[in-house]
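start36.cif follows (mmCIF, C-alpha atoms and all ligand atoms):
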data_run
loop_
_atom_site.label_atom_id
_atom_site.label_comp_id
_atom_site.auth_asym_id
_atom_site.auth_seq_id
_atom_site.Cartn_x
_atom_site.Cartn_y
_atom_site.Cartn_z
CA MET A 572 -8.06 -16.52 18.88
CA LEU A 573 -9.06 -12.88 18.66
CA ALA A 574 -12.68 -11.90 19.03
CA VAL A 575 -14.38 -8.54 19.20
CA ALA A 576 -18.08 -7.91 19.58
CA ASN A 577 -19.96 -4.71 18.88
CA LEU A 578 -16.80 -2.78 18.05
CA ARG A 579 -17.44 0.94 17.74
CA VAL A 580 -14.96 3.60 16.68
CA GLY A 581 -15.45 7.32 16.39
CA VAL A 582 -13.58 10.60 16.58
CA GLY A 583 -13.97 12.25 19.98
CA ASP A 584 -17.67 12.21 20.77
CA GLY A 585 -18.65 12.30 17.09
CA PRO A 586 -20.80 9.66 15.40
CA ALA A 587 -19.55 6.08 15.20
CA ILE A 588 -17.57 5.45 12.01
CA VAL A 589 -17.19 1.74 12.70
CA ASP A 590 -20.57 0.91 14.16
CA GLY A 591 -21.12 -2.45 15.77
CA VAL A 592 -18.69 -4.82 14.08
CA ASP A 593 -18.31 -8.42 15.26
CA LEU A 594 -15.20 -10.27 14.14
CA ALA A 595 -13.44 -13.46 15.11
CA LEU A 596 -10.05 -14.51 13.82
CA ASN A 597 -9.36 -18.22 14.03
CA SER A 598 -6.11 -20.11 14.01
CA GLY A 599 -5.00 -21.15 10.53
CA ARG A 600 -7.80 -19.24 8.82
CA ILE A 601 -7.73 -16.23 6.52
CA LEU A 602 -10.60 -13.80 6.89
CA CYS A 603 -10.82 -11.25 4.10
CA LEU A 604 -12.46 -7.92 4.83
CA VAL A 605 -13.72 -6.15 1.71
CA GLY A 606 -15.68 -3.01 1.05
CA GLU A 607 -15.33 0.23 -0.80
CA SER A 608 -13.14 3.12 0.23
CA GLY A 609 -14.22 4.81 3.44
CA SER A 610 -16.25 1.90 4.78
CA GLY A 611 -14.07 1.62 7.89
CA LYS A 612 -11.77 -1.29 7.09
CA SER A 613 -8.53 0.38 8.20
CA LEU A 614 -10.12 1.74 11.37
CA THR A 615 -11.29 -1.78 12.20
CA ALA A 616 -7.76 -3.13 11.65
CA LEU A 617 -6.13 -0.40 13.73
CA SER A 618 -8.69 -1.02 16.49
CA LEU A 619 -7.78 -4.70 16.64
CA MET A 620 -4.12 -3.71 17.07
CA ARG A 621 -5.20 -1.02 19.52
CA LEU A 622 -3.25 1.50 17.48
CA LEU A 623 -5.89 4.19 17.03
CA SER A 624 -4.67 7.70 17.63
CA PRO A 625 -5.57 9.13 21.07
CA ALA A 626 -8.19 11.40 19.46
CA MET A 627 -10.19 8.33 18.46
CA ARG A 628 -12.69 6.61 20.73
CA LEU A 629 -12.92 2.83 20.86
CA ALA A 630 -15.60 0.75 22.54
CA ALA A 631 -16.46 -2.92 22.38
CA ASP A 632 -18.66 -5.31 24.34
CA ARG A 633 -15.97 -7.96 24.06
CA PHE A 634 -12.28 -7.79 23.14
CA VAL A 635 -10.55 -11.06 23.84
CA LEU A 636 -7.22 -12.49 22.72
CA ASP A 637 -6.67 -16.16 23.61
CA GLY A 638 -8.98 -15.89 26.57
CA GLU A 639 -7.34 -12.70 27.83
CA ASP A 640 -9.59 -9.67 28.10
CA LEU A 641 -7.78 -6.87 26.31
CA ALA A 642 -10.46 -4.26 26.80
CA GLN A 643 -8.62 -2.76 29.77
CA ALA A 644 -5.09 -3.96 28.97
CA SER A 645 -2.26 -1.55 29.80
CA GLU A 646 -0.14 0.02 27.08
CA LYS A 647 2.79 -2.03 28.38
CA ARG A 648 0.87 -5.29 27.94
CA LEU A 649 -0.34 -4.24 24.47
CA ASN A 650 3.23 -3.41 23.44
CA ALA A 651 4.37 -6.87 24.47
CA ILE A 652 1.63 -8.42 22.35
CA ARG A 653 2.19 -6.24 19.29
CA GLY A 654 5.13 -7.24 17.17
CA ASN A 655 5.31 -10.56 18.90
CA ARG A 656 1.94 -12.33 18.97
CA MET A 657 0.21 -9.85 16.70
CA ALA A 658 1.65 -8.01 13.75
CA MET A 659 0.25 -5.63 11.19
CA VAL A 660 1.08 -4.60 7.67
CA PHE A 661 -0.13 -1.02 7.32
CA GLN A 662 -1.84 0.48 4.32
CA GLU A 663 0.60 3.40 4.45
CA PRO A 664 4.09 1.94 5.07
CA MET A 665 5.61 5.41 5.57
CA THR A 666 3.49 6.05 8.65
CA ALA A 667 4.69 2.82 10.22
CA LEU A 668 8.41 2.97 9.43
CA ASN A 669 10.81 5.07 11.41
CA PRO A 670 12.22 7.69 9.01
CA VAL A 671 15.50 8.19 10.87
CA MET A 672 16.48 4.55 11.19
CA THR A 673 17.65 2.24 8.41
CA VAL A 674 15.16 -0.49 7.62
CA GLY A 675 17.84 -3.03 8.59
CA ASP A 676 18.15 -1.53 12.08
CA GLN A 677 14.37 -1.51 12.45
CA ILE A 678 13.93 -5.11 11.51
CA THR A 679 16.88 -6.44 13.52
CA GLU A 680 15.73 -4.44 16.54
CA THR A 681 12.39 -6.27 16.40
CA LEU A 682 14.24 -9.58 16.41
CA ARG A 683 16.56 -8.59 19.21
CA VAL A 684 13.79 -7.24 21.44
CA HIS A 685 11.14 -9.89 20.83
CA GLN A 686 13.27 -12.96 20.15
CA GLY A 687 16.49 -12.14 21.97
CA LEU A 688 18.68 -12.66 18.91
CA ARG A 689 22.18 -11.17 18.74
CA GLN A 690 22.93 -8.63 16.03
CA GLU A 691 24.66 -10.99 13.62
CA ALA A 692 21.98 -13.70 13.88
CA ALA A 693 19.25 -11.09 13.55
CA ARG A 694 20.90 -9.77 10.40
CA GLU A 695 20.94 -13.24 8.86
CA VAL A 696 17.26 -13.80 9.64
CA ALA A 697 16.40 -10.36 8.22
CA LEU A 698 18.34 -11.06 5.03
CA ALA A 699 16.55 -14.36 4.54
CA MET A 700 13.19 -12.66 5.04
CA PHE A 701 14.06 -9.88 2.58
CA ARG A 702 14.84 -12.56 0.01
CA GLN A 703 11.52 -14.27 0.70
CA VAL A 704 9.57 -11.10 -0.03
CA GLN A 705 11.62 -10.64 -3.21
CA ILE A 706 13.63 -7.59 -2.23
CA PRO A 707 16.47 -7.38 -4.74
CA ALA A 708 19.99 -6.62 -3.44
CA PRO A 709 18.88 -7.28 0.16
CA GLU A 710 22.27 -6.44 1.77
CA ALA A 711 22.21 -2.92 0.31
CA ARG A 712 18.50 -2.49 1.10
CA LEU A 713 19.12 -3.26 4.80
CA ARG A 714 21.27 -0.12 4.92
CA ALA A 715 18.62 2.09 3.28
CA TYR A 716 16.39 4.60 5.03
CA PRO A 717 12.65 4.32 4.26
CA HIS A 718 12.64 7.46 2.05
CA GLN A 719 15.31 5.90 -0.17
CA LEU A 720 12.96 3.06 -1.13
CA SER A 721 10.15 2.99 -3.67
CA GLY A 722 6.55 2.50 -2.50
CA GLY A 723 6.52 -1.15 -3.54
CA MET A 724 9.85 -1.79 -1.79
CA ARG A 725 8.62 -0.13 1.42
CA GLN A 726 5.53 -2.31 1.29
CA ARG A 727 7.76 -5.39 1.06
CA VAL A 728 9.85 -4.18 4.00
CA MET A 729 6.64 -3.77 6.04
CA ILE A 730 5.57 -7.29 5.12
CA ALA A 731 9.00 -8.65 6.08
CA MET A 732 8.80 -6.86 9.43
CA ALA A 733 5.33 -8.23 10.10
CA LEU A 734 6.15 -11.81 9.15
CA ILE A 735 9.58 -12.05 10.73
CA CYS A 736 8.35 -12.68 14.26
CA LYS A 737 6.01 -15.40 12.99
CA PRO A 738 2.97 -13.80 14.58
CA ALA A 739 0.00 -15.85 15.78
CA ILE A 740 -2.22 -13.12 14.39
CA LEU A 741 -1.48 -11.14 11.25
CA ILE A 742 -3.47 -8.13 10.18
CA ALA A 743 -2.65 -7.04 6.66
CA ASP A 744 -4.25 -3.85 5.32
CA GLU A 745 -4.06 -3.73 1.52
CA PRO A 746 -0.58 -5.29 1.71
CA THR A 747 -0.08 -5.89 -1.98
CA THR A 748 -1.67 -2.86 -3.67
CA ALA A 749 1.64 -1.25 -4.74
CA LEU A 750 3.08 -4.51 -6.05
CA ASP A 751 3.02 -6.03 -9.48
CA VAL A 752 1.08 -9.23 -10.00
CA THR A 753 4.00 -11.68 -9.80
CA ILE A 754 5.30 -10.29 -6.51
CA GLN A 755 1.75 -10.05 -5.24
CA SER A 756 1.16 -13.76 -5.70
CA GLN A 757 4.54 -14.51 -4.10
CA ILE A 758 3.47 -12.51 -1.02
CA LEU A 759 0.06 -14.18 -0.93
CA ARG A 760 1.83 -17.53 -0.98
CA LEU A 761 4.08 -16.45 1.92
CA ILE A 762 1.05 -15.48 3.99
CA ASP A 763 -0.64 -18.73 3.10
CA ASP A 764 2.48 -20.67 4.16
CA LEU A 765 2.52 -18.86 7.49
CA ARG A 766 -1.11 -19.80 7.99
CA ALA A 767 -0.51 -23.43 7.05
CA GLN A 768 2.78 -23.96 8.94
CA LEU A 769 2.22 -21.94 12.09
CA GLY A 770 -1.56 -21.73 12.23
CA THR A 771 -1.45 -17.95 12.01
CA ALA A 772 -4.87 -16.30 12.06
CA VAL A 773 -5.04 -13.70 9.31
CA LEU A 774 -7.21 -10.67 8.69
CA PHE A 775 -6.58 -9.59 5.14
CA ILE A 776 -8.06 -6.31 3.95
CA THR A 777 -8.38 -5.70 0.24
CA HIS A 778 -10.69 -4.24 -2.37
CA ASN A 779 -9.41 -6.75 -4.91
CA LEU A 780 -11.92 -9.58 -5.25
CA ALA A 781 -9.48 -11.62 -7.33
CA VAL A 782 -7.17 -11.67 -4.30
CA VAL A 783 -10.08 -12.66 -2.06
CA ALA A 784 -10.93 -15.51 -4.42
CA GLU A 785 -7.34 -16.69 -4.15
CA ILE A 786 -6.70 -16.69 -0.42
CA ALA A 787 -9.82 -16.25 1.71
CA ASP A 788 -11.33 -18.93 3.89
CA GLU A 789 -14.03 -16.54 5.06
CA VAL A 790 -15.14 -13.18 3.76
CA ALA A 791 -16.77 -10.26 5.54
CA VAL A 792 -18.23 -7.49 3.42
CA MET A 793 -18.26 -4.08 5.04
CA TYR A 794 -20.46 -1.16 4.12
CA ALA A 795 -20.64 2.21 5.89
CA GLY A 796 -19.11 0.97 9.13
CA ARG A 797 -21.03 -2.29 9.38
CA ILE A 798 -20.65 -5.85 8.19
CA VAL A 799 -23.46 -6.57 5.74
CA GLU A 800 -22.54 -10.10 4.68
CA ARG A 801 -20.32 -12.83 6.03
CA ALA A 802 -19.78 -16.27 4.58
CA SER A 803 -17.19 -18.79 3.49
CA ARG A 804 -15.39 -17.86 0.30
CA THR A 805 -17.23 -20.56 -1.64
CA ALA A 806 -20.63 -19.45 -0.38
CA LEU A 807 -19.91 -15.78 -0.98
CA PHE A 808 -18.67 -16.25 -4.51
CA GLY A 809 -21.17 -18.99 -5.35
CA ASP A 810 -24.22 -17.36 -3.82
CA PRO A 811 -23.69 -13.70 -2.93
CA MET A 812 -26.79 -12.43 -1.15
CA HIS A 813 -26.48 -8.79 -0.15
CA PRO A 814 -27.30 -6.29 -2.92
CA TYR A 815 -24.08 -4.45 -2.06
CA THR A 816 -22.04 -7.64 -2.51
CA LEU A 817 -23.78 -8.20 -5.85
CA ALA A 818 -22.86 -4.66 -6.87
CA LEU A 819 -19.22 -5.29 -5.88
CA PHE A 820 -19.14 -8.37 -8.08
CA ALA A 821 -20.76 -6.46 -10.94
CA ALA A 822 -18.03 -3.81 -10.63
CA MET A 823 -15.28 -6.43 -10.77
CA PRO A 824 -13.31 -6.31 -14.03
CA ARG A 825 -13.49 -9.59 -15.94
CA ALA A 826 -10.73 -11.04 -18.04
CA ASP A 827 -12.87 -10.90 -21.18
CA GLU A 828 -13.75 -7.26 -20.56
CA ARG A 829 -10.26 -5.81 -20.39
CA GLY A 830 -10.15 -2.32 -21.71
CA ARG A 831 -13.80 -1.65 -20.96
CA PRO A 832 -14.44 0.89 -18.23
CA LEU A 833 -15.02 -0.63 -14.82
CA ALA A 834 -18.66 -0.67 -13.79
CA THR A 835 -19.11 1.49 -10.72
CA ILE A 836 -21.78 1.50 -8.08
CA GLU A 837 -23.90 4.57 -8.36
CA GLY A 838 -23.97 6.99 -5.44
CA GLN A 839 -21.64 7.25 -2.46
CA VAL A 840 -21.13 5.71 0.94
CA PRO A 841 -23.10 7.94 3.33
CA ALA A 842 -20.95 10.03 5.69
CA PRO A 843 -20.80 9.15 9.39
CA GLY A 844 -23.35 11.40 11.09
CA ALA A 845 -25.52 11.42 7.96
CA MET A 846 -26.46 7.75 7.98
CA PRO A 847 -29.90 6.90 6.63
CA LYS A 848 -32.37 5.68 9.22
CA GLY A 849 -32.89 2.15 7.92
CA CYS A 850 -30.47 0.07 5.89
CA ARG A 851 -27.41 2.13 5.05
CA PHE A 852 -27.30 0.78 1.53
CA ALA A 853 -30.99 1.46 0.83
CA PRO A 854 -30.42 4.80 -1.00
CA ARG A 855 -28.26 2.97 -3.56
CA CYS A 856 -30.11 -0.33 -3.59
CA PRO A 857 -32.24 -1.38 -6.57
CA PHE A 858 -34.15 -3.80 -4.32
CA ALA A 859 -34.98 -1.36 -1.52
CA ALA A 860 -38.53 -1.47 -0.17
CA ALA A 861 -40.32 0.73 2.36
CA ARG A 862 -39.14 -1.32 5.33
CA CYS A 863 -35.49 -0.97 4.23
CA ARG A 864 -35.71 2.80 4.65
CA GLU A 865 -37.21 2.47 8.13
CA ASP A 866 -35.41 -0.30 10.04
CA TYR A 867 -31.84 -1.47 9.99
CA PRO A 868 -31.75 -5.17 9.06
CA PRO A 869 -29.78 -7.23 11.60
CA LEU A 870 -27.41 -9.91 10.32
CA ARG A 871 -29.50 -13.04 9.75
CA GLU A 872 -28.22 -16.55 9.06
CA ILE A 873 -30.00 -17.13 5.76
CA ALA A 874 -28.13 -20.28 4.83
CA PRO A 875 -25.87 -22.32 7.15
CA ALA A 876 -22.96 -20.05 8.23
CA HIS A 877 -24.02 -17.43 5.69
CA TRP A 878 -25.04 -14.17 7.37
CA VAL A 879 -26.74 -11.33 5.58
CA SER A 880 -28.04 -7.98 6.76
CA CYS A 881 -30.86 -7.47 4.28
CA TRP A 882 -34.64 -7.52 4.67
CA ARG A 883 -34.98 -8.58 1.04
CA ALA A 884 -32.63 -11.57 1.09
CA PRO A 885 -32.82 -14.05 -0.51
CA LEU A 886 -33.26 -11.81 -3.52
CA GLU A 887 -34.49 -14.47 -5.94
CA GLU A 888 -37.96 -13.96 -4.52
CA HIS A 889 -37.91 -10.43 -5.94
CA LEU A 890 -36.48 -11.24 -9.33
CA SER A 891 -38.88 -12.20 -12.05
N1 LIG B 1 -8.12 9.74 12.18
C1 LIG B 1 -9.32 9.98 11.63
N2 LIG B 1 -10.04 11.07 11.97
C2 LIG B 1 -11.24 11.32 11.43
N3 LIG B 1 -11.83 10.53 10.52
C3 LIG B 1 -11.18 9.46 10.12
C4 LIG B 1 -9.89 9.11 10.66
N4 LIG B 1 -9.47 7.97 10.07
C5 LIG B 1 -10.46 7.63 9.21
N5 LIG B 1 -11.48 8.51 9.25
C6 LIG B 1 -12.72 8.41 8.46
O1 LIG B 1 -13.34 7.18 8.73
C7 LIG B 1 -13.90 6.59 7.58
C8 LIG B 1 -13.36 5.21 7.40
O2 LIG B 1 -11.96 5.26 7.17
P1 LIG B 1 -11.07 3.98 6.88
O3 LIG B 1 -9.68 4.48 6.67
O4 LIG B 1 -11.26 2.96 7.94
O5 LIG B 1 -11.69 3.46 5.51
P2 LIG B 1 -11.21 2.23 4.61
O6 LIG B 1 -12.36 1.30 4.50
O7 LIG B 1 -9.95 1.67 5.13
O8 LIG B 1 -10.99 2.92 3.19
P3 LIG B 1 -9.85 2.64 2.07
O9 LIG B 1 -10.37 1.48 1.26
O10 LIG B 1 -9.83 3.90 1.29
O11 LIG B 1 -8.58 2.37 2.75
C9 LIG B 1 -13.57 7.55 6.43
O12 LIG B 1 -14.71 8.33 6.18
C10 LIG B 1 -12.44 8.38 6.96
O13 LIG B 1 -12.46 9.67 6.40
MG MG B 2 -8.07 1.59 4.43
#
Before we go any further, please render this structure as structure tokens.
Ligand SMILES: Nc1ncnc2c1ncn2[C@@H]1O[C@H](COP(=O)(O)OP(=O)(O)OP(=O)(O)O)[C@@H](O)[C@H]1O
Ligand SMILES: [Mg+2]
Amino acid sequence: MLAVANLRVGVGDGPAIVDGVDLALNSGRILCLVGESGSGKSLTALSLMRLLSPAMRLAADRFVLDGEDLAQASEKRLNAIRGNRMAMVFQEPMTALNPVMTVGDQITETLRVHQGLRQEAAREVALAMFRQVQIPAPEARLRAYPHQLSGGMRQRVMIAMALICKPAILIADEPTTALDVTIQSQILRLIDDLRAQLGTAVLFITHNLAVVAEIADEVAVMYAGRIVERASRTALFGDPMHPYTLALFAAMPRADERGRPLATIEGQVPAPGAMPKGCRFAPRCPFAAARCREDYPPLREIAPAHWVSCWRAPLEEHLS
């Protein structure tokens, strides 16, 4: 439904922060995008919505929504698409909510503009949605301004606003981080229902691999502005191939290890503009060889529909 090829994002004429990402969102499928902080996940999401700030530069070889080339689309056309066919749950709800409007007015306005509902009908739909995302005392909450709500409540309002127009494409950036586990699984179920009932295509960004294991159809692993591994959920969890993916799994807390400090990956994501010449993970990679420091490994299909950007994959050959 939505496809981008060779997506590049930078600030002004600075180095690319997102550097050659290919993504395709398909109807009824949930693609999870994972990767550590600063790898470019949110910039990728904002690019897909075409919501980057004017100081940012966006380029892509292909940017197509349902056969329509959006590369040169006008702001007017993009506005019609956003909030109707495409919706986003932002990582920072405060930046996306209007501080001088009650959340009720914001959500009913969306319904009136995009679905032509009258005020009273819109209010009923909004109330029902608030109940679905487990907002207690929904009537009172509709009258609240964003600053009067807790972080978790604002996140639920954002989710309600994104889901209420039943978008064909949903981009959710860390939508459940501020929520406790019970509400989190309720929200995951809502998103899954949307996918199943309406065929919504979902891009779900998270650093929580337990969430990925629960909802993903496909997974893309991002490192330093590039996708380093892409596979179905089963293939990625059953047979992770990129050393960075392996490190992410090793850093994942396990139920039997509660209370032990979380394993971390040594070193840091290189800064844009200071990228190593070869593989960007090579300086942190226990498997790195001479070639890895020289040439960037392109994504290769190492098993059917399992793509890895690593000269050393499959790694078994190097393990004794
Ligand atoms: N508006 C901006 N101007 C300049 N640099 C930016 C801007 N937005 C993001 N960056 C930089 O781009 C890089 C990627 O940022 P991004 O927010 O996409 O990371 P992320 O993967 O979403 O991280 P997190 O998991 O912490 O949300 C970071 O180094 C960040 O500092
Ligand atoms: Mg982010």
Proximity check chain A to ligand LIG 1 (chain B), 6 Å, nearest pairs one decimal Å, all atoms listed in the file, as JSON lines:
{"residue": "A:Val582", "atom": "CA", "partner": "B:LIG1", "partner_atom": "C2", "distance": 5.7}
{"residue": "A:Ile588", "atom": "CA", "partner": "B:LIG1", "partner_atom": "O1", "distance": 5.6}
{"residue": "A:Glu607", "atom": "CA", "partner": "B:LIG1", "partner_atom": "O9", "distance": 5.5}
{"residue": "A:Ser608", "atom": "CA", "partner": "B:LIG1", "partner_atom": "O9", "distance": 3.4}
{"residue": "A:Gly609", "atom": "CA", "partner": "B:LIG1", "partner_atom": "O5", "distance": 3.5}
{"residue": "A:Ser610", "atom": "CA", "partner": "B:LIG1", "partner_atom": "O6", "distance": 3.9}
{"residue": "A:Gly611", "atom": "CA", "partner": "B:LIG1", "partner_atom": "O4", "distance": 3.1}
{"residue": "A:Lys612", "atom": "CA", "partner": "B:LIG1", "partner_atom": "O6", "distance": 3.7}
{"residue": "A:Ser613", "atom": "CA", "partner": "B:LIG1", "partner_atom": "O7", "distance": 3.6}
{"residue": "A:Leu614", "atom": "CA", "partner": "B:LIG1", "partner_atom": "O4", "distance": 3.8}
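When all atoms listed in the file are used to measure the gap to A:Pro843, the shortest distance among A:Pro885, A:Pro625, A:Gly796, A:Pro857 belongs to A:Gly796.
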Could you build a table of the residues in stretch 590-627 of chain A lying no more than 12 Å from stretch 643-660 of chain A, giving for each the nearest pair of atoms and their separation in Å rounded to one decimal place, using all atoms listed in the file, ordered by chain and ascending residue number, as a tab-separated table?
residue	atom	partner	partner_atom	distance
A:Leu596	CA	A:Met657	CA	11.6
A:Ser613	CA	A:Val660	CA	10.8
A:Ala616	CA	A:Met659	CA	8.4
A:Leu617	CA	A:Met659	CA	8.6
A:Ser618	CA	A:Met659	CA	11.4
A:Leu619	CA	A:Met657	CA	9.5
A:Met620	CA	A:Arg653	CA	7.2
A:Arg621	CA	A:Leu649	CA	7.6
A:Leu622	CA	A:Leu649	CA	9.5
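You will find atom CA of A:His778 at 17.0 Å from atom CA of A:Glu837.
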Quick check, in Å to one decimal: how far apart do atom CA of A:Ser721 and atom CA of A:Val696 lie?
22.6 Å
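Using all atoms listed in the file, the contacts of A:Ala587 at a cut-off of 12 Å, with sequence neighbours closer than 4 positions omitted, comprise Asn577, Leu578, Arg579, Val580, Gly581, Val582, Gly583, Gly591, Val592, Ser610, Gly611, Leu614, Thr615, Met627, Arg628, Leu629, Ala630, Ala631, Ala795, Gly796, Arg797, Ala842, Pro843, Gly844, Ala845 and Met846 of chain A.
Atom CA of A:Asp640 sits 27.2 Å away from atom CA of A:Ala787.
Among the candidates A:Ala699, A:Phe858, A:Thr666, A:Thr681, the residue lying nearest to A:Pro717 is A:Thr666 (atoms considered: only C-alpha atoms).
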For stretch 629-639 of chain A, take all atoms listed in the file, fit an axis-aligned box around them, add 3 Å to each of the six sides, then output centre and edge lengths in Å rounded to one decimal, as AutoDock Vina command-line options.
--center_x -12.7 --center_y -6.7 --center_z 24.3 --size_x 18.0 --size_y 25.0 --size_z 13.0
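With only C-alpha atoms as the atoms that count, the residue of A:Val773, A:Ile758, A:Val635, A:Leu641 with the shortest distance to A:Leu602 is A:Val773.
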Return the single residue from A:Gln839, A:Gln757, A:Gln677, A:Gln662 that is closest to ligand MG 2 (chain B), with distances computed using only C-alpha atoms and all ligand atoms.
A:Gln662
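Using only C-alpha atoms and all ligand atoms for every distance, the candidate list A:Ile776, A:Leu761, A:Val589, A:Met793 yields A:Ile776 as the residue closest to ligand MG 2 (chain B).
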For A:Gln755, list every protein, DNA or RNA residue within 12 Å, evaluated using all atoms listed in the file, and leave out those in the same chain fewer than 2 positions away; present the list as a PyMOL selection string.
chain A and resi 704-705+723+726-727+730+745-753+757-762+779+781-782+785-786
Could you add the missing atoms to stretch 691-705 of chain A, up to N, CA, C and O atoms, and return them as a PDB file, in the coordinates of the input?
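What landed in selection-v5.pdb:
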ATOM      1  N   GLU A 691      24.266 -10.280  14.839  1.00  0.00           N
ATOM      2  CA  GLU A 691      24.660 -10.990  13.620  1.00  0.00           C
ATOM      3  C   GLU A 691      23.586 -12.013  13.198  1.00  0.00           C
ATOM      4  O   GLU A 691      23.228 -12.100  12.024  1.00  0.00           O
ATOM      5  N   ALA A 692      23.041 -12.730  14.179  1.00  0.00           N
ATOM      6  CA  ALA A 692      21.980 -13.700  13.880  1.00  0.00           C
ATOM      7  C   ALA A 692      20.752 -12.981  13.357  1.00  0.00           C
ATOM      8  O   ALA A 692      20.117 -13.430  12.390  1.00  0.00           O
ATOM      9  N   ALA A 693      20.429 -11.855  13.971  1.00  0.00           N
ATOM     10  CA  ALA A 693      19.250 -11.090  13.550  1.00  0.00           C
ATOM     11  C   ALA A 693      19.412 -10.638  12.101  1.00  0.00           C
ATOM     12  O   ALA A 693      18.479 -10.689  11.298  1.00  0.00           O
ATOM     13  N   ARG A 694      20.636 -10.221  11.761  1.00  0.00           N
ATOM     14  CA  ARG A 694      20.900  -9.770  10.400  1.00  0.00           C
ATOM     15  C   ARG A 694      20.686 -10.899   9.390  1.00  0.00           C
ATOM     16  O   ARG A 694      20.096 -10.696   8.323  1.00  0.00           O
ATOM     17  N   GLU A 695      21.126 -12.086   9.752  1.00  0.00           N
ATOM     18  CA  GLU A 695      20.940 -13.240   8.860  1.00  0.00           C
ATOM     19  C   GLU A 695      19.461 -13.547   8.643  1.00  0.00           C
ATOM     20  O   GLU A 695      19.022 -13.795   7.518  1.00  0.00           O
ATOM     21  N   VAL A 696      18.704 -13.517   9.741  1.00  0.00           N
ATOM     22  CA  VAL A 696      17.260 -13.800   9.640  1.00  0.00           C
ATOM     23  C   VAL A 696      16.590 -12.720   8.785  1.00  0.00           C
ATOM     24  O   VAL A 696      15.746 -13.017   7.925  1.00  0.00           O
ATOM     25  N   ALA A 697      16.988 -11.464   8.992  1.00  0.00           N
ATOM     26  CA  ALA A 697      16.400 -10.360   8.220  1.00  0.00           C
ATOM     27  C   ALA A 697      16.708 -10.512   6.737  1.00  0.00           C
ATOM     28  O   ALA A 697      15.827 -10.343   5.890  1.00  0.00           O
ATOM     29  N   LEU A 698      17.955 -10.867   6.435  1.00  0.00           N
ATOM     30  CA  LEU A 698      18.340 -11.060   5.030  1.00  0.00           C
ATOM     31  C   LEU A 698      17.506 -12.148   4.366  1.00  0.00           C
ATOM     32  O   LEU A 698      17.010 -11.986   3.254  1.00  0.00           O
ATOM     33  N   ALA A 699      17.330 -13.249   5.089  1.00  0.00           N
ATOM     34  CA  ALA A 699      16.550 -14.360   4.540  1.00  0.00           C
ATOM     35  C   ALA A 699      15.109 -13.910   4.271  1.00  0.00           C
ATOM     36  O   ALA A 699      14.514 -14.233   3.240  1.00  0.00           O
ATOM     37  N   MET A 700      14.568 -13.132   5.209  1.00  0.00           N
ATOM     38  CA  MET A 700      13.190 -12.660   5.040  1.00  0.00           C
ATOM     39  C   MET A 700      13.086 -11.692   3.859  1.00  0.00           C
ATOM     40  O   MET A 700      12.126 -11.751   3.088  1.00  0.00           O
ATOM     41  N   PHE A 701      14.066 -10.813   3.726  1.00  0.00           N
ATOM     42  CA  PHE A 701      14.060  -9.880   2.580  1.00  0.00           C
ATOM     43  C   PHE A 701      14.059 -10.670   1.268  1.00  0.00           C
ATOM     44  O   PHE A 701      13.390 -10.303   0.317  1.00  0.00           O
ATOM     45  N   ARG A 702      14.818 -11.754   1.242  1.00  0.00           N
ATOM     46  CA  ARG A 702      14.840 -12.560   0.010  1.00  0.00           C
ATOM     47  C   ARG A 702      13.477 -13.182  -0.230  1.00  0.00           C
ATOM     48  O   ARG A 702      12.992 -13.233  -1.348  1.00  0.00           O
ATOM     49  N   GLN A 703      12.839 -13.631   0.855  1.00  0.00           N
ATOM     50  CA  GLN A 703      11.520 -14.270   0.700  1.00  0.00           C
ATOM     51  C   GLN A 703      10.470 -13.315   0.144  1.00  0.00           C
ATOM     52  O   GLN A 703       9.578 -13.732  -0.579  1.00  0.00           O
ATOM     53  N   VAL A 704      10.549 -12.041   0.507  1.00  0.00           N
ATOM     54  CA  VAL A 704       9.570 -11.100  -0.030  1.00  0.00           C
ATOM     55  C   VAL A 704      10.097 -10.425  -1.302  1.00  0.00           C
ATOM     56  O   VAL A 704       9.595  -9.387  -1.721  1.00  0.00           O
ATOM     57  N   GLN A 705      11.137 -11.049  -1.882  1.00  0.00           N
ATOM     58  CA  GLN A 705      11.620 -10.640  -3.210  1.00  0.00           C
ATOM     59  C   GLN A 705      12.178  -9.225  -3.236  1.00  0.00           C
ATOM     60  O   GLN A 705      11.903  -8.455  -4.146  1.00  0.00           O
TER      61      GLN A 705
END
